[in-house]
file final33.pdb (PDB, C-alpha atoms)
ATOM      1  CA  MET Z  23     -19.655  -0.274 -11.413  1.00  0.00           C
ATOM      2  CA  ILE Z  24     -16.068  -1.173 -12.280  1.00  0.00           C
ATOM      3  CA  ALA Z  25     -16.140   1.139 -15.322  1.00  0.00           C
ATOM      4  CA  THR Z  26     -17.177   4.072 -13.131  1.00  0.00           C
ATOM      5  CA  ALA Z  27     -14.506   3.224 -10.552  1.00  0.00           C
ATOM      6  CA  LEU Z  28     -11.911   3.040 -13.338  1.00  0.00           C
ATOM      7  CA  ASP Z  29     -12.906   6.504 -14.534  1.00  0.00           C
ATOM      8  CA  ILE Z  30     -12.697   7.894 -11.004  1.00  0.00           C
ATOM      9  CA  ALA Z  31      -9.271   6.314 -10.412  1.00  0.00           C
ATOM     10  CA  LEU Z  32      -7.947   7.588 -13.764  1.00  0.00           C
ATOM     11  CA  GLY Z  33      -9.173  11.084 -12.919  1.00  0.00           C
ATOM     12  CA  CYS Z  34      -7.554  10.897  -9.474  1.00  0.00           C
ATOM     13  CA  PHE Z  35      -4.156   9.902 -10.884  1.00  0.00           C
ATOM     14  CA  ALA Z  36      -4.392  12.522 -13.646  1.00  0.00           C
ATOM     15  CA  PHE Z  37      -5.085  15.184 -11.022  1.00  0.00           C
ATOM     16  CA  ALA Z  38      -2.154  13.821  -8.989  1.00  0.00           C
ATOM     17  CA  ILE Z  39       0.130  14.279 -12.017  1.00  0.00           C
ATOM     18  CA  LEU Z  40      -1.101  17.868 -12.358  1.00  0.00           C
ATOM     19  CA  LEU Z  41      -0.255  18.490  -8.679  1.00  0.00           C
ATOM     20  CA  ASN Z  42       3.227  16.990  -9.271  1.00  0.00           C
ATOM     21  CA  LEU Z  43       3.732  19.269 -12.276  1.00  0.00           C
ATOM     22  CA  MET Z  44       2.754  22.254 -10.140  1.00  0.00           C
ATOM     23  CA  HIS Z  45       5.260  21.205  -7.494  1.00  0.00           C
ATOM     24  CA  LEU Z  46       7.922  20.673 -10.174  1.00  0.00           C
ATOM     25  CA  PHE Z  47       7.643  24.328 -11.221  1.00  0.00           C
ATOM     26  CA  ARG Z  48       7.516  25.914  -7.766  1.00  0.00           C
ATOM     27  CA  ALA Z  49       9.811  23.521  -5.890  1.00  0.00           C
ATOM     28  CA  PRO Z  50      12.275  25.319  -3.612  1.00  0.00           C
ATOM     29  CA  THR Z  51      15.142  22.796  -3.804  1.00  0.00           C
ATOM     30  CA  VAL Z  52      16.663  20.332  -6.241  1.00  0.00           C
ATOM     31  CA  VAL Z  53      15.592  17.398  -4.058  1.00  0.00           C
ATOM     32  CA  ASP Z  54      11.974  18.503  -4.398  1.00  0.00           C
ATOM     33  CA  ARG Z  55      12.243  18.422  -8.166  1.00  0.00           C
ATOM     34  CA  ILE Z  56      13.651  14.887  -8.071  1.00  0.00           C
ATOM     35  CA  ILE Z  57      10.828  13.794  -5.748  1.00  0.00           C
ATOM     36  CA  ALA Z  58       8.261  15.418  -8.056  1.00  0.00           C
ATOM     37  CA  LEU Z  59       9.682  13.628 -11.112  1.00  0.00           C
ATOM     38  CA  ASP Z  60       9.792  10.300  -9.255  1.00  0.00           C
ATOM     39  CA  THR Z  61       6.161  10.694  -8.174  1.00  0.00           C
ATOM     40  CA  MET Z  62       5.150  11.631 -11.707  1.00  0.00           C
ATOM     41  CA  VAL Z  63       6.622   8.363 -12.978  1.00  0.00           C
ATOM     42  CA  VAL Z  64       4.776   6.420 -10.271  1.00  0.00           C
ATOM     43  CA  ASN Z  65       1.455   8.082 -11.133  1.00  0.00           C
ATOM     44  CA  GLY Z  66       2.133   7.548 -14.838  1.00  0.00           C
ATOM     45  CA  ILE Z  67       2.561   3.817 -14.217  1.00  0.00           C
ATOM     46  CA  ALA Z  68      -0.798   3.774 -12.442  1.00  0.00           C
ATOM     47  CA  ILE Z  69      -2.460   5.551 -15.383  1.00  0.00           C
ATOM     48  CA  LEU Z  70      -0.856   3.107 -17.837  1.00  0.00           C
ATOM     49  CA  VAL Z  71      -2.096   0.078 -15.913  1.00  0.00           C
ATOM     50  CA  LEU Z  72      -5.607   1.470 -15.486  1.00  0.00           C
ATOM     51  CA  TYR Z  73      -5.765   2.379 -19.161  1.00  0.00           C
ATOM     52  CA  GLY Z  74      -4.679  -1.181 -19.958  1.00  0.00           C
ATOM     53  CA  VAL Z  75      -7.651  -2.441 -17.938  1.00  0.00           C
ATOM     54  CA  THR Z  76      -9.950  -0.019 -19.776  1.00  0.00           C
ATOM     55  CA  VAL Z  77      -8.965  -1.199 -23.245  1.00  0.00           C
ATOM     56  CA  ALA Z  78      -8.457  -4.846 -22.095  1.00  0.00           C
ATOM     57  CA  SER Z  79      -4.883  -4.984 -23.411  1.00  0.00           C
ATOM     58  CA  THR Z  80      -1.973  -6.875 -21.837  1.00  0.00           C
ATOM     59  CA  LEU Z  81       0.672  -4.930 -23.735  1.00  0.00           C
ATOM     60  CA  ASN Z  82       0.536  -2.079 -21.236  1.00  0.00           C
ATOM     61  CA  PHE Z  83       2.080  -4.127 -18.434  1.00  0.00           C
ATOM     62  CA  GLU Z  84       5.364  -4.575 -20.267  1.00  0.00           C
ATOM     63  CA  VAL Z  85       5.413  -0.821 -20.810  1.00  0.00           C
ATOM     64  CA  ALA Z  86       4.637  -0.337 -17.113  1.00  0.00           C
ATOM     65  CA  ILE Z  87       7.570  -2.559 -16.092  1.00  0.00           C
ATOM     66  CA  LEU Z  88       9.905  -0.679 -18.446  1.00  0.00           C
ATOM     67  CA  MET Z  89       8.671   2.643 -17.106  1.00  0.00           C
ATOM     68  CA  ALA Z  90       9.179   1.514 -13.507  1.00  0.00           C
ATOM     69  CA  MET Z  91      12.757   0.455 -14.291  1.00  0.00           C
ATOM     70  CA  THR Z  92      13.731   3.623 -16.164  1.00  0.00           C
ATOM     71  CA  GLY Z  93      12.025   5.795 -13.548  1.00  0.00           C
ATOM     72  CA  PHE Z  94      13.952   4.168 -10.723  1.00  0.00           C
ATOM     73  CA  LEU Z  95      17.226   4.323 -12.650  1.00  0.00           C
ATOM     74  CA  SER Z  96      16.757   7.998 -13.516  1.00  0.00           C
ATOM     75  CA  THR Z  97      16.020   8.868  -9.889  1.00  0.00           C
ATOM     76  CA  VAL Z  98      19.124   7.036  -8.708  1.00  0.00           C
ATOM     77  CA  ALA Z  99      21.195   8.650 -11.481  1.00  0.00           C
ATOM     78  CA  PHE Z 100      20.007  12.154 -10.568  1.00  0.00           C
ATOM     79  CA  CYS Z 101      20.809  11.571  -6.898  1.00  0.00           C
ATOM     80  CA  LYS Z 102      24.150   9.955  -7.646  1.00  0.00           C
ATOM     81  CA  PHE Z 103      25.128  12.863  -9.865  1.00  0.00           C
ATOM     82  CA  LEU Z 104      24.239  15.392  -7.173  1.00  0.00           C
ATOM     83  CA  LEU Z 105      26.012  13.367  -4.493  1.00  0.00           C
ATOM     84  CA  ARG Z 106      29.205  12.446  -6.273  1.00  0.00           C
ATOM     85  CA  GLY Z 107      29.490  14.581  -9.409  1.00  0.00           C
ATOM     86  CA  SER Z 108      29.470  11.490 -11.605  1.00  0.00           C
ATOM     87  CA  ILE Z 109      27.070   8.628 -12.146  1.00  0.00           C
ATOM     88  CA  ILE Z 110      29.374   5.673 -12.865  1.00  0.00           C
ATOM     89  CA  GLU Z 111      32.701   5.847 -11.060  1.00  0.00           C
TER
ATOM     90  CA  MET W   6     -14.645 -17.456 -14.213  1.00  0.00           C
ATOM     91  CA  ILE W   7     -15.888 -16.141 -10.899  1.00  0.00           C
ATOM     92  CA  GLU W   8     -19.308 -15.529 -12.383  1.00  0.00           C
ATOM     93  CA  GLN W   9     -19.602 -19.120 -13.540  1.00  0.00           C
ATOM     94  CA  GLN W  10     -18.237 -20.733 -10.381  1.00  0.00           C
ATOM     95  CA  TYR W  11     -19.767 -18.486  -7.746  1.00  0.00           C
ATOM     96  CA  PRO W  12     -22.703 -16.579  -9.223  1.00  0.00           C
ATOM     97  CA  MET W  13     -23.561 -15.101  -5.831  1.00  0.00           C
ATOM     98  CA  MET W  14     -20.045 -13.744  -5.281  1.00  0.00           C
ATOM     99  CA  ALA W  15     -19.733 -11.732  -8.481  1.00  0.00           C
ATOM    100  CA  PRO W  16     -21.321  -8.473  -7.194  1.00  0.00           C
ATOM    101  CA  VAL W  17     -19.213  -8.659  -4.025  1.00  0.00           C
ATOM    102  CA  PHE W  18     -16.005  -9.053  -6.016  1.00  0.00           C
ATOM    103  CA  GLU W  19     -17.028  -6.229  -8.303  1.00  0.00           C
ATOM    104  CA  ALA W  20     -17.669  -3.947  -5.340  1.00  0.00           C
ATOM    105  CA  LEU W  21     -14.329  -4.917  -3.780  1.00  0.00           C
ATOM    106  CA  ILE W  22     -12.428  -4.169  -6.978  1.00  0.00           C
ATOM    107  CA  ALA W  23     -14.248  -0.864  -7.421  1.00  0.00           C
ATOM    108  CA  LEU W  24     -13.382   0.010  -3.811  1.00  0.00           C
ATOM    109  CA  LEU W  25      -9.714  -0.853  -4.428  1.00  0.00           C
ATOM    110  CA  LEU W  26      -9.657   1.319  -7.560  1.00  0.00           C
ATOM    111  CA  VAL W  27     -11.214   4.357  -5.897  1.00  0.00           C
ATOM    112  CA  GLY W  28      -9.076   3.889  -2.791  1.00  0.00           C
ATOM    113  CA  GLY W  29      -5.928   3.733  -4.916  1.00  0.00           C
ATOM    114  CA  GLY W  30      -6.865   6.935  -6.702  1.00  0.00           C
ATOM    115  CA  ILE W  31      -7.477   8.708  -3.396  1.00  0.00           C
ATOM    116  CA  PHE W  32      -4.112   7.512  -2.058  1.00  0.00           C
ATOM    117  CA  GLY W  33      -2.416   8.822  -5.202  1.00  0.00           C
ATOM    118  CA  ILE W  34      -4.004  12.239  -4.722  1.00  0.00           C
ATOM    119  CA  ILE W  35      -3.033  12.255  -1.023  1.00  0.00           C
ATOM    120  CA  GLY W  36       0.596  11.545  -1.922  1.00  0.00           C
ATOM    121  CA  SER W  37       0.796  14.306  -4.513  1.00  0.00           C
ATOM    122  CA  TYR W  38      -1.105  16.812  -2.377  1.00  0.00           C
ATOM    123  CA  GLY W  39       1.189  16.080   0.556  1.00  0.00           C
ATOM    124  CA  LEU W  40       4.182  16.694  -1.699  1.00  0.00           C
ATOM    125  CA  LEU W  41       2.704  20.099  -2.492  1.00  0.00           C
ATOM    126  CA  LYS W  42       1.598  21.078   1.019  1.00  0.00           C
ATOM    127  CA  LEU W  43       4.084  19.791   3.605  1.00  0.00           C
ATOM    128  CA  ARG W  44       6.613  22.309   4.884  1.00  0.00           C
ATOM    129  CA  GLU W  45      10.023  20.660   5.330  1.00  0.00           C
ATOM    130  CA  PRO W  46      11.836  18.830   2.492  1.00  0.00           C
ATOM    131  CA  MET W  47      12.161  15.669   4.553  1.00  0.00           C
ATOM    132  CA  GLN W  48       8.440  15.779   5.361  1.00  0.00           C
ATOM    133  CA  ARG W  49       7.753  16.179   1.653  1.00  0.00           C
ATOM    134  CA  LEU W  50       9.747  13.003   1.008  1.00  0.00           C
ATOM    135  CA  HIS W  51       7.277  11.002   3.099  1.00  0.00           C
ATOM    136  CA  ALA W  52       4.080  11.725   1.161  1.00  0.00           C
ATOM    137  CA  PRO W  53       4.998  10.407  -2.308  1.00  0.00           C
ATOM    138  CA  THR W  54       7.205   7.534  -1.211  1.00  0.00           C
ATOM    139  CA  LYS W  55       4.526   5.986   0.984  1.00  0.00           C
ATOM    140  CA  ALA W  56       1.085   7.157  -0.087  1.00  0.00           C
ATOM    141  CA  SER W  57       1.731   7.090  -3.834  1.00  0.00           C
ATOM    142  CA  THR W  58       3.333   3.649  -3.652  1.00  0.00           C
ATOM    143  CA  ILE W  59       0.295   2.346  -1.771  1.00  0.00           C
ATOM    144  CA  GLY W  60      -1.987   3.990  -4.339  1.00  0.00           C
ATOM    145  CA  VAL W  61      -0.251   2.386  -7.300  1.00  0.00           C
ATOM    146  CA  GLY W  62      -0.055  -0.953  -5.482  1.00  0.00           C
ATOM    147  CA  THR W  63      -3.792  -0.856  -4.825  1.00  0.00           C
ATOM    148  CA  ALA W  64      -4.543  -0.043  -8.459  1.00  0.00           C
ATOM    149  CA  LEU W  65      -2.270  -2.911  -9.543  1.00  0.00           C
ATOM    150  CA  VAL W  66      -3.997  -5.381  -7.188  1.00  0.00           C
ATOM    151  CA  ALA W  67      -7.376  -4.254  -8.534  1.00  0.00           C
ATOM    152  CA  SER W  68      -6.113  -4.763 -12.073  1.00  0.00           C
ATOM    153  CA  ALA W  69      -4.714  -8.212 -11.213  1.00  0.00           C
ATOM    154  CA  PHE W  70      -8.042  -9.387  -9.823  1.00  0.00           C
ATOM    155  CA  GLY W  71     -10.095  -7.477 -12.381  1.00  0.00           C
ATOM    156  CA  VAL W  72      -9.202  -9.910 -15.155  1.00  0.00           C
ATOM    157  CA  LEU W  73     -10.809 -12.712 -13.146  1.00  0.00           C
ATOM    158  CA  PHE W  74     -14.042 -11.609 -14.774  1.00  0.00           C
ATOM    159  CA  GLU W  75     -12.615 -12.258 -18.230  1.00  0.00           C
ATOM    160  CA  GLY W  76     -11.851 -15.864 -17.313  1.00  0.00           C
ATOM    161  CA  HIS W  77      -8.052 -15.786 -17.413  1.00  0.00           C
ATOM    162  CA  GLY W  78      -7.271 -16.262 -13.728  1.00  0.00           C
ATOM    163  CA  ILE W  79      -5.066 -13.821 -11.841  1.00  0.00           C
ATOM    164  CA  SER W  80      -2.740 -11.813 -14.068  1.00  0.00           C
ATOM    165  CA  TRP W  81       0.827 -12.035 -12.719  1.00  0.00           C
ATOM    166  CA  HIS W  82       2.192  -9.069 -14.682  1.00  0.00           C
ATOM    167  CA  GLU W  83       0.751  -6.668 -12.150  1.00  0.00           C
ATOM    168  CA  VAL W  84       2.246  -8.600  -9.253  1.00  0.00           C
ATOM    169  CA  LEU W  85       5.638  -8.228 -10.949  1.00  0.00           C
ATOM    170  CA  VAL W  86       5.222  -4.463 -11.373  1.00  0.00           C
ATOM    171  CA  ALA W  87       3.980  -4.091  -7.778  1.00  0.00           C
ATOM    172  CA  ALA W  88       6.895  -6.115  -6.377  1.00  0.00           C
ATOM    173  CA  PHE W  89       9.386  -4.045  -8.385  1.00  0.00           C
ATOM    174  CA  MET W  90       7.882  -0.787  -7.173  1.00  0.00           C
ATOM    175  CA  LEU W  91       7.779  -1.933  -3.545  1.00  0.00           C
ATOM    176  CA  LEU W  92      11.455  -2.915  -3.845  1.00  0.00           C
ATOM    177  CA  THR W  93      12.672   0.284  -5.485  1.00  0.00           C
ATOM    178  CA  ALA W  94      10.625   2.924  -3.625  1.00  0.00           C
ATOM    179  CA  PRO W  95      12.680   2.764  -0.382  1.00  0.00           C
ATOM    180  CA  ILE W  96      15.956   2.798  -2.307  1.00  0.00           C
ATOM    181  CA  SER W  97      15.109   5.947  -4.238  1.00  0.00           C
ATOM    182  CA  ALA W  98      13.780   7.527  -1.028  1.00  0.00           C
ATOM    183  CA  LEU W  99      17.088   6.757   0.688  1.00  0.00           C
ATOM    184  CA  PHE W 100      19.019   8.332  -2.171  1.00  0.00           C
ATOM    185  CA  MET W 101      16.898  11.487  -2.106  1.00  0.00           C
ATOM    186  CA  ALA W 102      17.365  11.758   1.660  1.00  0.00           C
ATOM    187  CA  LYS W 103      21.129  11.418   1.140  1.00  0.00           C
ATOM    188  CA  VAL W 104      21.109  14.239  -1.431  1.00  0.00           C
ATOM    189  CA  HIS W 105      19.194  16.425   1.027  1.00  0.00           C
ATOM    190  CA  LEU W 106      21.699  15.623   3.805  1.00  0.00           C
ATOM    191  CA  TYR W 107      24.627  16.288   1.492  1.00  0.00           C
ATOM    192  CA  GLN W 108      23.286  19.684   0.446  1.00  0.00           C
ATOM    193  CA  THR W 109      22.078  21.001   3.800  1.00  0.00           C
ATOM    194  CA  ILE W 110      24.071  19.508   6.688  1.00  0.00           C
ATOM    195  CA  ASP W 111      27.117  21.219   8.188  1.00  0.00           C
ATOM    196  CA  PRO W 112      29.960  18.670   8.303  1.00  0.00           C
ATOM    197  CA  SER W 113      31.515  20.295  11.391  1.00  0.00           C
ATOM    198  CA  SER W 114      28.323  19.672  13.389  1.00  0.00           C
ATOM    199  CA  LEU W 115      28.616  15.881  13.013  1.00  0.00           C
ATOM    200  CA  PRO W 116      30.164  13.589  15.633  1.00  0.00           C
ATOM    201  CA  PRO W 117      33.412  11.812  14.688  1.00  0.00           C
ATOM    202  CA  THR W 118      33.003   8.554  12.810  1.00  0.00           C
ATOM    203  CA  GLY W 119      35.613   6.682  14.854  1.00  0.00           C
ATOM    204  CA  VAL W 120      37.400   5.430  11.739  1.00  0.00           C
ATOM    205  CA  SER W 121      39.808   7.096   9.360  1.00  0.00           C
ATOM    206  CA  ARG W 122      37.116   7.851   6.798  1.00  0.00           C
ATOM    207  CA  ALA W 123      34.551  10.628   6.859  1.00  0.00           C
ATOM    208  CA  TRP W 124      30.777  10.050   6.862  1.00  0.00           C
ATOM    209  CA  ALA W 125      29.951   8.113   3.696  1.00  0.00           C
ATOM    210  CA  THR W 126      27.253  10.494   2.472  1.00  0.00           C
ATOM    211  CA  LEU W 127      29.470  13.541   2.748  1.00  0.00           C
ATOM    212  CA  GLU W 128      32.852  12.399   1.467  1.00  0.00           C
ATOM    213  CA  ARG W 129      33.775  13.073  -2.111  1.00  0.00           C
ATOM    214  CA  ASP W 130      36.215  10.189  -2.725  1.00  0.00           C
ATOM    215  CA  ALA W 131      34.761   7.169  -0.988  1.00  0.00           C
ATOM    216  CA  GLU W 132      36.001   4.817  -3.684  1.00  0.00           C
ATOM    217  CA  PRO W 133      39.714   4.071  -3.387  1.00  0.00           C
ATOM    218  CA  ALA W 134      41.269   5.563  -6.501  1.00  0.00           C
ATOM    219  CA  LEU W 135      43.912   3.812  -8.557  1.00  0.00           C
ATOM    220  CA  GLU W 136      47.074   5.866  -8.736  1.00  0.00           C
ATOM    221  CA  ASP W 137      50.547   5.611 -10.182  1.00  0.00           C
ATOM    222  CA  ASP W 138      53.176   5.307  -7.480  1.00  0.00           C
ATOM    223  CA  ALA W 139      56.843   5.992  -7.950  1.00  0.00           C
ATOM    224  CA  SER W 140      57.611   2.569  -9.446  1.00  0.00           C
ATOM    225  CA  GLY W 141      54.910   2.909 -12.054  1.00  0.00           C
ATOM    226  CA  ASN W 142      52.600   0.239 -10.637  1.00  0.00           C
ATOM    227  CA  LEU W 143      48.953   0.913 -10.107  1.00  0.00           C
ATOM    228  CA  THR W 144      48.220   0.765  -6.374  1.00  0.00           C
ATOM    229  CA  ILE W 145      45.204   1.439  -4.287  1.00  0.00           C
ATOM    230  CA  ARG W 146      45.614   4.666  -2.384  1.00  0.00           C
TER
END

call {"tool": "encode", "arguments": {"input": "final33.pdb", "output": "structure tokens"}}
result
Amino acid sequence: MIATALDIALGCFAFAILLNLMHLFRAPTVVDRIIALDTMVVNGIAILVLYGVTVASTLNFEVAILMAMTGFLSTVAFCKFLLRGSIIE
Amino acid sequence: MIEQQYPMMAPVFEALIALLLVGGGIFGIIGSYGLLKLREPMQRLHAPTKASTIGVGTALVASAFGVLFEGHGISWHEVLVAAFMLLTAPISALFMAKVHLYQTIDPSSLPPTGVSRAWATLERDAEPALEDDASGNLTIR
């Protein structure tokens, strides 16, 4: 039962990443592209964690933490650059 | 662990974890579909920052309790990732909302701030810059 649920959840998040990619290409504003990238990172973390459960590996969680940190930092850096013209003042 | 201690509870736990996994996947799809379908940029900010965060959090909780079946107890890595994501999601949402405000709002339509500075989101030089004055000392402008 859990294996089937894992497959369904992985498929859901993969489809979500496809939807994000679609939005990334047809987004009307810059903010939309940042949101799409941020959501792609979030869905990627979910896929990483679920894949880690599938293969019964604990290494994936460190990767997930790193990905969460770099995703957050890149979002803030994008926004800061658009707001202020520089990232570190 | 659960199977040895509570043999009757194992199917219930399995069903709960499967429900959490499927629910998380559905929340993830809702967030991304809302990002694609909603009309206004600020409406589009809502879908991923709330629904997707809930979806990932649910998947992480399922993963944390899923290892109970392997006899290791709750895995705390997932709790760490979930806490980090719950902390950072509102901050990045705030920043994206600020970028939207900065790019779309008309500064002359805003009420006065009541202080000598402009609205923080809109001003270019919020940080006091160090400058040379006539005597050559660095002073705060």

call {"tool": "interface_residues", "arguments": {"input": "final33.pdb", "of": "chain Z", "to": "chain W", "cutoff": "7 Å", "atoms": "only C-alpha atoms", "output": "PyMOL selection string"}}
result
chain Z and resi 23-24+27-28+30-31+34-35+38+41-42+45+53-54+57+61+68+75+83+87+90+94+97-98+101+104-106

call {"tool": "atom_distance", "arguments": {"input": "final33.pdb", "atom1": "CA of Gly33 in chain Z", "atom2": "CA of Ala78 in chain Z"}}
result
18.4 Å

call {"tool": "atom_distance", "arguments": {"input": "final33.pdb", "atom1": "CA of Gly66 in chain Z", "atom2": "CA of Lys55 in chain W"}}
result
16.1 Å

call {"tool": "atom_distance", "arguments": {"input": "final33.pdb", "atom1": "CA of Ala56 in chain W", "atom2": "CA of Leu72 in chain Z"}}
result
17.7 Å

call {"tool": "closest_residue", "arguments": {"input": "final33.pdb", "among": "W:Ile110, W:Leu115, W:Ile79, W:Val84", "to": "Val71 in chain Z", "atoms": "only C-alpha atoms"}}
result
W:Val84
